[in-house]
Structures are given as C-alpha cells and as structure tokens.
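Here the structure is laid out as structure tokens; the discussion comes afterwards.
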Amino acid sequence: MEEKKTDIPVLSIRNFSKTYRGGKRAVEELSLDICGGDIFGFIGHNGAGKTTTLKAVSGILDFEAGEILICGHSIQEEPLWCKERMAYLPDNPDLYEYLTGIQYLNFIGDVYRVPGALRTERIGELAGRFGISRNLGDLISTYSHGMKQKLALISAFLHRPRLLLLDEPFVGLDPEASVVLKENMHALCREGSAIFFSTHVLEVAQKLCNRIAIIREGRLVVQGEMEALTAGKSLEEVFMEVVRNEKE
C-alpha cells in the first residue's frame, strides 16, 4: 500500500528565522510545506540549522521571526494542541533511567492518553518488532545505547502522531532495527501522517524519502521531489554539486 498522500500541509514553516545570543544566525527565512504521506528528508552539514529547525517545530526552541503551523495551528500560540499531535525524537534522547522500559512506555501512553487495551497492543507489537520485548521489565539504566534508542522510537510511534520529527534516527541502530524503523515510517505515512527527519545517511534518504530539502549555513538551497532532483544521479552527487555551487 502506498503512502496516503494529501495536498494539505501537516507542517508549514513560513519565513522561519532563528538568531542565537551573540548574533549568530542559525536559520534564515526558511519556508517548507510537508503534507500527509510525505517522508521528508532534511539534509545538510553539521551546524547547517537542521536541529535548530526541528527543535523550533517541536516547540522546544522559541524563535523571533516567521511562523510554524502544525495542521494549521501555531506552535507558538497553541503549543499544547500542537504537541499532542506530534512526536519528536532528538539525536540523543534523554530517558528516565530509574524507570523500567514498560514503566516509561506507560508514562508516555498516559501523557498522550492512549487507551489501555490499544496501548498494550501497540507496545507488544512495536517491542516485538524492535526486539526488546524481553527487556521491558529491566531498568532503562541497564540498557545499551541501541536499546535506549529502540525504546525511544517505540515511545514516538506509540500514539500514532500526525507529525513525526526525527533527528538522525538511524545513527546507532543495527541493520535489523533500521529496516524495522523504515517499515514503521512507511506504515505511519500510509495513515496520512507526515515525517520530517534529518540525516547524514544520503543513501537511506534517497531510498526512503519522497521529498527532500538541503540547507546550508542556515539557508534553504534546494527542495523538491526526490525523483526530480536526482534524475538518474545519486543524492550524494546532487548534494556535492550543491556544496560546490554554494562555494563558488
């Protein structure tokens, strides 16, 4: 089954700019629309503004210019409404290590008001697919880095968010878990949700994403449909062409 594509933006970023103390401009006049069914890759070098953008969309980071809308609602004016409909997974998620895995997932289920029977079903399915069912009774402090990442991913998918934000989600995952993550991303988009994620793994992005944007030094330099942008070339080749053109 293909992704459930719509023309209605789940995420709209309008002229977003962010300047940090000291005058450093992290992102400048960024505008993007991400619709239901989109798996949208956000690509750029370290310090390009990817994480800043994701944190602003999630409501963690305030900003002074522009507008960010989740399903037509402002993240600044209606933050709780927006956050109820999204999930954000940073590149190094902080988990409550004094809880067991199942306690943490039940906590997330309570936060997002996932009903008990449905919660149990989803946790069982996701934990089984990611291969940590036997570890859910253990303290998170005993988990390896990869297991913590899997637990965080399960918590992100648990309430079936309309918008899923992921910052470098494939770093640290074993090959099997990477496949499971990609399958779950596709499944979520088939329900009409949208995914906006940053990655340095260009081969994965080319196979997984239907749309991408390339950001450099806080400015959007390329965005569009993956097939049109690559047109027989690899995404790595496209990215390097953009870098060379920007340097000239």
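Every chain in the structure tokens takes a letter, A first, then B, and so on in the order presented; its residues are numbered from 1, and the ligands are numbered from 1 following the presented order.
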
(request) For Glu217 of chain A, please output as a PyMOL selection string all residues within 9 Å (counting only C-alpha atoms; exclusion window: fewer than 3 positions along the same chain). (result) chain A and resi 25-28+44-45+47-49+220

Residue subset to file, keeping N, CA and C atoms, as a short mmCIF file (atom, residue, chain, number, x, y, z; two decimals), in the first residue's frame:
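Contents of out-v3.cif, freshly written:
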```cif
data_model
loop_
_atom_site.label_atom_id
_atom_site.label_comp_id
_atom_site.auth_asym_id
_atom_site.auth_seq_id
_atom_site.Cartn_x
_atom_site.Cartn_y
_atom_site.Cartn_z
N ARG A 25 23.32 33.78 13.36
CA ARG A 25 22.10 33.45 12.64
C ARG A 25 22.12 31.97 12.28
N ALA A 26 21.29 31.18 12.95
CA ALA A 26 21.29 29.73 12.75
C ALA A 26 20.46 29.33 11.54
N VAL A 27 19.30 29.97 11.37
CA VAL A 27 18.41 29.70 10.23
C VAL A 27 17.86 31.02 9.73
N GLU A 28 17.76 31.14 8.42
CA GLU A 28 17.33 32.41 7.83
C GLU A 28 16.25 32.20 6.78
N GLY A 44 21.93 18.41 5.38
CA GLY A 44 22.90 19.49 5.43
C GLY A 44 24.08 19.10 6.31
N HIS A 45 25.14 19.87 6.23
CA HIS A 45 26.33 19.58 7.03
C HIS A 45 26.08 19.88 8.50
N GLY A 47 25.91 21.83 11.76
CA GLY A 47 25.79 23.27 12.00
C GLY A 47 25.00 24.01 10.94
N ALA A 48 24.35 23.27 10.04
CA ALA A 48 23.62 23.93 8.94
C ALA A 48 22.30 24.54 9.40
N GLY A 49 21.77 24.07 10.53
CA GLY A 49 20.49 24.58 11.03
C GLY A 49 19.40 23.53 11.12
N LEU A 220 17.96 27.70 2.98
CA LEU A 220 17.47 26.65 2.10
C LEU A 220 18.04 26.85 0.71
#
```

(message) Can you pull out every residue from segment 16-212 of chain A that DSSP, working from the backbone, puts in strand (DSSP E or B), and format the result as a count of residues only?
(response) 46

(message) Need the shell around segment 134-144 of chain A: protein/DNA/RNA residues with any atom at most 12 Å away, counting only C-alpha atoms. Skip same-chain ones fewer than 3 positions apart. Format as a ChimeraX atom specification?
(response) /A:94-106,123-124,126-131,147-152,154,172-173

Go ahead and write the residues just picked, N, CA, C and O atoms, as a compact mmCIF listing (two decimals), in the first residue's frame.
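Final file, again_20.txt:
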```txt
# COMPACT_ATOMS: atom_id res chain seq x y z
N ASP A 94 17.02 11.77 26.00
CA ASP A 94 17.18 11.55 27.44
C ASP A 94 15.97 10.77 27.96
O ASP A 94 14.83 11.21 27.80
N LEU A 95 16.22 9.63 28.56
CA LEU A 95 15.16 8.79 29.10
C LEU A 95 15.26 8.76 30.62
O LEU A 95 16.31 9.05 31.18
N TYR A 96 14.17 8.40 31.27
CA TYR A 96 14.16 8.31 32.74
C TYR A 96 14.75 6.96 33.13
O TYR A 96 14.06 5.94 33.18
N GLU A 97 16.03 6.95 33.47
CA GLU A 97 16.75 5.70 33.66
C GLU A 97 16.38 4.95 34.94
O GLU A 97 16.73 3.80 35.10
N TYR A 98 15.65 5.61 35.85
CA TYR A 98 15.21 4.93 37.07
C TYR A 98 13.89 4.19 36.86
O TYR A 98 13.40 3.52 37.77
N LEU A 99 13.33 4.29 35.65
CA LEU A 99 12.13 3.53 35.31
C LEU A 99 12.52 2.29 34.52
O LEU A 99 13.59 2.23 33.91
N THR A 100 11.63 1.29 34.53
CA THR A 100 11.80 0.17 33.61
C THR A 100 11.29 0.60 32.23
O THR A 100 10.59 1.61 32.09
N GLY A 101 11.60 -0.20 31.23
CA GLY A 101 11.13 0.12 29.88
C GLY A 101 9.63 0.21 29.80
O GLY A 101 9.07 1.15 29.20
N ILE A 102 8.92 -0.74 30.41
CA ILE A 102 7.45 -0.73 30.34
C ILE A 102 6.87 0.43 31.13
O ILE A 102 5.85 1.02 30.73
N GLN A 103 7.50 0.78 32.25
CA GLN A 103 7.02 1.95 33.00
C GLN A 103 7.15 3.22 32.17
O GLN A 103 6.26 4.07 32.19
N TYR A 104 8.25 3.33 31.46
CA TYR A 104 8.45 4.52 30.62
C TYR A 104 7.41 4.57 29.51
O TYR A 104 6.81 5.63 29.25
N LEU A 105 7.15 3.46 28.85
CA LEU A 105 6.17 3.45 27.77
C LEU A 105 4.76 3.72 28.29
O LEU A 105 3.97 4.40 27.63
N ASN A 106 4.45 3.21 29.48
CA ASN A 106 3.13 3.51 30.06
C ASN A 106 3.02 4.98 30.45
O ASN A 106 1.94 5.58 30.32
N ILE A 123 2.31 -1.53 22.21
CA ILE A 123 3.60 -1.80 22.86
C ILE A 123 4.08 -3.20 22.53
O ILE A 123 5.26 -3.40 22.18
N GLY A 124 3.17 -4.17 22.60
CA GLY A 124 3.56 -5.54 22.29
C GLY A 124 4.05 -5.68 20.85
O GLY A 124 5.07 -6.34 20.59
N LEU A 126 5.21 -3.24 18.76
CA LEU A 126 6.42 -2.47 18.49
C LEU A 126 7.64 -3.06 19.19
O LEU A 126 8.73 -3.17 18.60
N ALA A 127 7.47 -3.46 20.45
CA ALA A 127 8.60 -4.06 21.18
C ALA A 127 9.04 -5.36 20.52
O ALA A 127 10.24 -5.66 20.45
N GLY A 128 8.07 -6.13 20.03
CA GLY A 128 8.41 -7.35 19.33
C GLY A 128 9.18 -7.08 18.05
O GLY A 128 10.17 -7.75 17.75
N ARG A 129 8.75 -6.09 17.31
CA ARG A 129 9.41 -5.78 16.04
C ARG A 129 10.82 -5.24 16.25
O ARG A 129 11.73 -5.54 15.48
N PHE A 130 10.99 -4.44 17.29
CA PHE A 130 12.33 -3.90 17.58
C PHE A 130 13.18 -4.84 18.43
O PHE A 130 14.35 -4.54 18.70
N GLY A 131 12.61 -5.94 18.86
CA GLY A 131 13.39 -6.97 19.53
C GLY A 131 13.77 -6.67 20.96
O GLY A 131 14.82 -7.15 21.44
N MET A 147 19.56 -0.13 22.59
CA MET A 147 18.28 -0.48 23.20
C MET A 147 17.53 0.77 23.64
O MET A 147 16.29 0.84 23.51
N LYS A 148 18.26 1.76 24.17
CA LYS A 148 17.61 3.01 24.56
C LYS A 148 17.00 3.70 23.34
O LYS A 148 15.90 4.26 23.41
N GLN A 149 17.72 3.65 22.22
CA GLN A 149 17.20 4.27 21.01
C GLN A 149 15.94 3.55 20.52
O GLN A 149 14.98 4.19 20.09
N LYS A 150 15.94 2.24 20.61
CA LYS A 150 14.75 1.48 20.22
C LYS A 150 13.56 1.81 21.12
O LYS A 150 12.43 1.97 20.64
N LEU A 151 13.81 1.91 22.42
CA LEU A 151 12.73 2.27 23.35
C LEU A 151 12.18 3.65 23.03
O LEU A 151 10.96 3.87 23.04
N ALA A 152 13.08 4.60 22.74
CA ALA A 152 12.64 5.95 22.39
C ALA A 152 11.81 5.94 21.10
O ALA A 152 10.81 6.66 21.00
N ILE A 154 9.98 3.44 19.98
CA ILE A 154 8.66 2.88 20.32
C ILE A 154 7.78 3.94 20.94
O ILE A 154 6.60 4.07 20.61
N GLY A 172 23.44 4.62 15.23
CA GLY A 172 23.46 3.73 16.38
C GLY A 172 22.53 2.54 16.29
O GLY A 172 22.58 1.66 17.15
N LEU A 173 21.67 2.51 15.25
CA LEU A 173 20.78 1.36 15.10
C LEU A 173 21.48 0.24 14.33
O LEU A 173 22.21 0.49 13.37
```

(request) Would you mind listing what lies within 7 Å of segment 193-196 of chain A as a list in words, with only C-alpha atoms counted and same-chain residues fewer than 4 positions away left out? (result) Val10, Ile34, Cys35, Gly36, Gly37, Asp38, Ile39, Phe40, Gly41, Pro161, Arg162, Leu163, Leu164, Leu165, Leu166, Leu188 and Cys189 of chain A

Could you turn the residues from that selection into a file that holds N, CA and C atoms, as an mmCIF file, in the first residue's frame?
```cif
data_model
loop_
_atom_site.group_PDB
_atom_site.id
_atom_site.type_symbol
_atom_site.label_atom_id
_atom_site.label_comp_id
_atom_site.auth_asym_id
_atom_site.auth_seq_id
_atom_site.Cartn_x
_atom_site.Cartn_y
_atom_site.Cartn_z
ATOM 1 N N VAL A 10 0.634 19.128 6.802
ATOM 2 C CA VAL A 10 0.655 18.787 8.221
ATOM 3 C C VAL A 10 1.585 19.752 8.945
ATOM 4 N N ILE A 34 5.102 20.403 4.393
ATOM 5 C CA ILE A 34 5.213 18.944 4.435
ATOM 6 C C ILE A 34 3.801 18.397 4.627
ATOM 7 N N CYS A 35 3.356 17.595 3.666
ATOM 8 C CA CYS A 35 1.970 17.154 3.643
ATOM 9 C C CYS A 35 1.816 15.733 4.156
ATOM 10 N N GLY A 36 0.573 15.340 4.402
ATOM 11 C CA GLY A 36 0.289 13.984 4.814
ATOM 12 C C GLY A 36 0.817 12.991 3.795
ATOM 13 N N GLY A 37 1.476 11.941 4.267
ATOM 14 C CA GLY A 37 2.067 10.945 3.389
ATOM 15 C C GLY A 37 3.499 11.213 3.019
ATOM 16 N N ASP A 38 4.004 12.405 3.326
ATOM 17 C CA ASP A 38 5.391 12.754 2.994
ATOM 18 C C ASP A 38 6.369 12.141 3.986
ATOM 19 N N ILE A 39 7.438 11.561 3.458
ATOM 20 C CA ILE A 39 8.637 11.277 4.244
ATOM 21 C C ILE A 39 9.676 12.256 3.723
ATOM 22 N N PHE A 40 9.908 13.292 4.494
ATOM 23 C CA PHE A 40 10.665 14.462 4.045
ATOM 24 C C PHE A 40 12.034 14.471 4.706
ATOM 25 N N GLY A 41 13.084 14.358 3.899
ATOM 26 C CA GLY A 41 14.444 14.368 4.413
ATOM 27 C C GLY A 41 15.020 15.769 4.456
ATOM 28 N N PRO A 161 1.486 9.668 15.919
ATOM 29 C CA PRO A 161 1.453 11.130 15.745
ATOM 30 C C PRO A 161 1.118 11.528 14.309
ATOM 31 N N ARG A 162 0.496 12.668 14.157
ATOM 32 C CA ARG A 162 0.241 13.225 12.826
ATOM 33 C C ARG A 162 1.534 13.735 12.213
ATOM 34 N N LEU A 163 2.457 14.189 13.072
ATOM 35 C CA LEU A 163 3.756 14.659 12.609
ATOM 36 C C LEU A 163 4.838 14.008 13.456
ATOM 37 N N LEU A 164 5.759 13.328 12.791
ATOM 38 C CA LEU A 164 6.876 12.695 13.481
ATOM 39 C C LEU A 164 8.164 13.410 13.088
ATOM 40 N N LEU A 165 8.871 13.914 14.100
ATOM 41 C CA LEU A 165 10.133 14.625 13.900
ATOM 42 C C LEU A 165 11.267 13.749 14.424
ATOM 43 N N LEU A 166 12.247 13.496 13.570
ATOM 44 C CA LEU A 166 13.362 12.626 13.943
ATOM 45 C C LEU A 166 14.671 13.304 13.575
ATOM 46 N N LEU A 188 3.255 4.536 9.116
ATOM 47 C CA LEU A 188 2.662 5.745 9.685
ATOM 48 C C LEU A 188 2.175 6.680 8.583
ATOM 49 N N CYS A 189 2.964 6.818 7.532
ATOM 50 C CA CYS A 189 2.576 7.710 6.435
ATOM 51 C C CYS A 189 1.403 7.166 5.644
#
```

Set the distance at 8 Å and use only C-alpha atoms: which residues neighbour Ser58 of chain A once local chain neighbours fewer than 5 positions away are removed? I'd like the list as a short mmCIF file (atom, residue, chain, number, x, y, z; two decimals) with N, CA and C atoms, in the first residue's frame.
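That gives us result02.cif:
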```
data_model
loop_
_atom_site.label_atom_id
_atom_site.label_comp_id
_atom_site.auth_asym_id
_atom_site.auth_seq_id
_atom_site.Cartn_x
_atom_site.Cartn_y
_atom_site.Cartn_z
N ILE A 75 2.50 26.74 16.56
CA ILE A 75 3.23 26.13 17.67
C ILE A 75 3.50 27.14 18.77
N LYS A 83 1.59 19.92 20.25
CA LYS A 83 2.44 18.85 20.79
C LYS A 83 1.67 17.55 20.99
N MET A 86 2.09 15.51 17.72
CA MET A 86 3.41 15.23 17.16
C MET A 86 4.24 14.39 18.12
N ALA A 87 5.34 13.89 17.61
CA ALA A 87 6.36 13.25 18.43
C ALA A 87 7.71 13.74 17.92
N TYR A 88 8.62 14.01 18.85
CA TYR A 88 9.96 14.48 18.49
C TYR A 88 10.99 13.60 19.15
N LEU A 165 8.87 13.91 14.10
CA LEU A 165 10.13 14.63 13.90
C LEU A 165 11.27 13.75 14.42
#
```

(message) Residues of segment 80-188 of chain A classed as helix (DSSP H, G or I) by DSSP on the backbone are to be reported as a ChimeraX atom specification.
(response) /A:80-84,101-111,116-130,133-135,140-142,145-157,175-188

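With only C-alpha atoms as the atoms that count, the residue of A:Gly22, A:Glu121, A:Leu69, A:Pro169 with the shortest distance to Leu89 of chain A is A:Pro169.
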
(request) Please identify all polymer residues within 12 Å of Val179 of chain A, counting only C-alpha atoms, omitting same-chain residues fewer than 4 positions from it, and present them as a VMD selection string. (result) chain A and resid 129 to 130 169 to 170 173 to 175 183 to 186 204 207 to 208

Residue neighbourhood Tyr112 of chain A, 7 Å, only C-alpha atoms, exclusion window fewer than 3 positions, as a CSV table (one decimal) with all heavy atoms, in the first residue's frame:
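Result went into selection25.csv, see below:
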```
chain,number,residue,atom,x,y,z
A,84,GLU,N,0.4,17.6,21.2
A,84,GLU,CA,-0.4,16.4,21.3
A,84,GLU,C,-0.5,15.6,20.0
A,84,GLU,O,-0.8,14.4,20.0
A,84,GLU,CB,-1.9,16.8,21.7
A,84,GLU,CG,-2.0,17.2,23.2
A,84,GLU,CD,-3.4,17.7,23.5
A,84,GLU,OE1,-4.2,18.0,22.6
A,84,GLU,OE2,-3.8,17.8,24.7
A,108,ILE,N,4.5,7.4,28.8
A,108,ILE,CA,4.2,8.1,27.5
A,108,ILE,C,2.8,7.9,27.1
A,108,ILE,O,2.1,8.8,26.6
A,108,ILE,CB,5.2,7.6,26.4
A,108,ILE,CG1,6.7,8.0,26.8
A,108,ILE,CG2,4.9,8.2,25.1
A,108,ILE,CD1,6.9,9.4,26.9
A,109,GLY,N,2.3,6.7,27.3
A,109,GLY,CA,0.9,6.4,26.9
A,109,GLY,C,-0.1,7.2,27.7
A,109,GLY,O,-1.1,7.7,27.2
A,159,HIS,N,1.6,6.8,20.0
A,159,HIS,CA,0.3,7.4,19.9
A,159,HIS,C,0.0,7.8,18.4
A,159,HIS,O,-0.9,8.6,18.2
A,159,HIS,CB,0.3,8.7,20.8
A,159,HIS,CG,1.2,9.8,20.4
A,159,HIS,ND1,2.6,9.7,20.5
A,159,HIS,CD2,1.0,11.0,19.8
A,159,HIS,CE1,3.1,10.8,20.1
A,159,HIS,NE2,2.2,11.6,19.6
```

(request) Grab the atom CA of Gly72 of chain A to atom CA of Arg122 of chain A distance for me, in Å with one decimal place. (result)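 Atom CA of Arg122 of chain A lies at a distance of 28.1 Å from atom CA of Gly72 of chain A.
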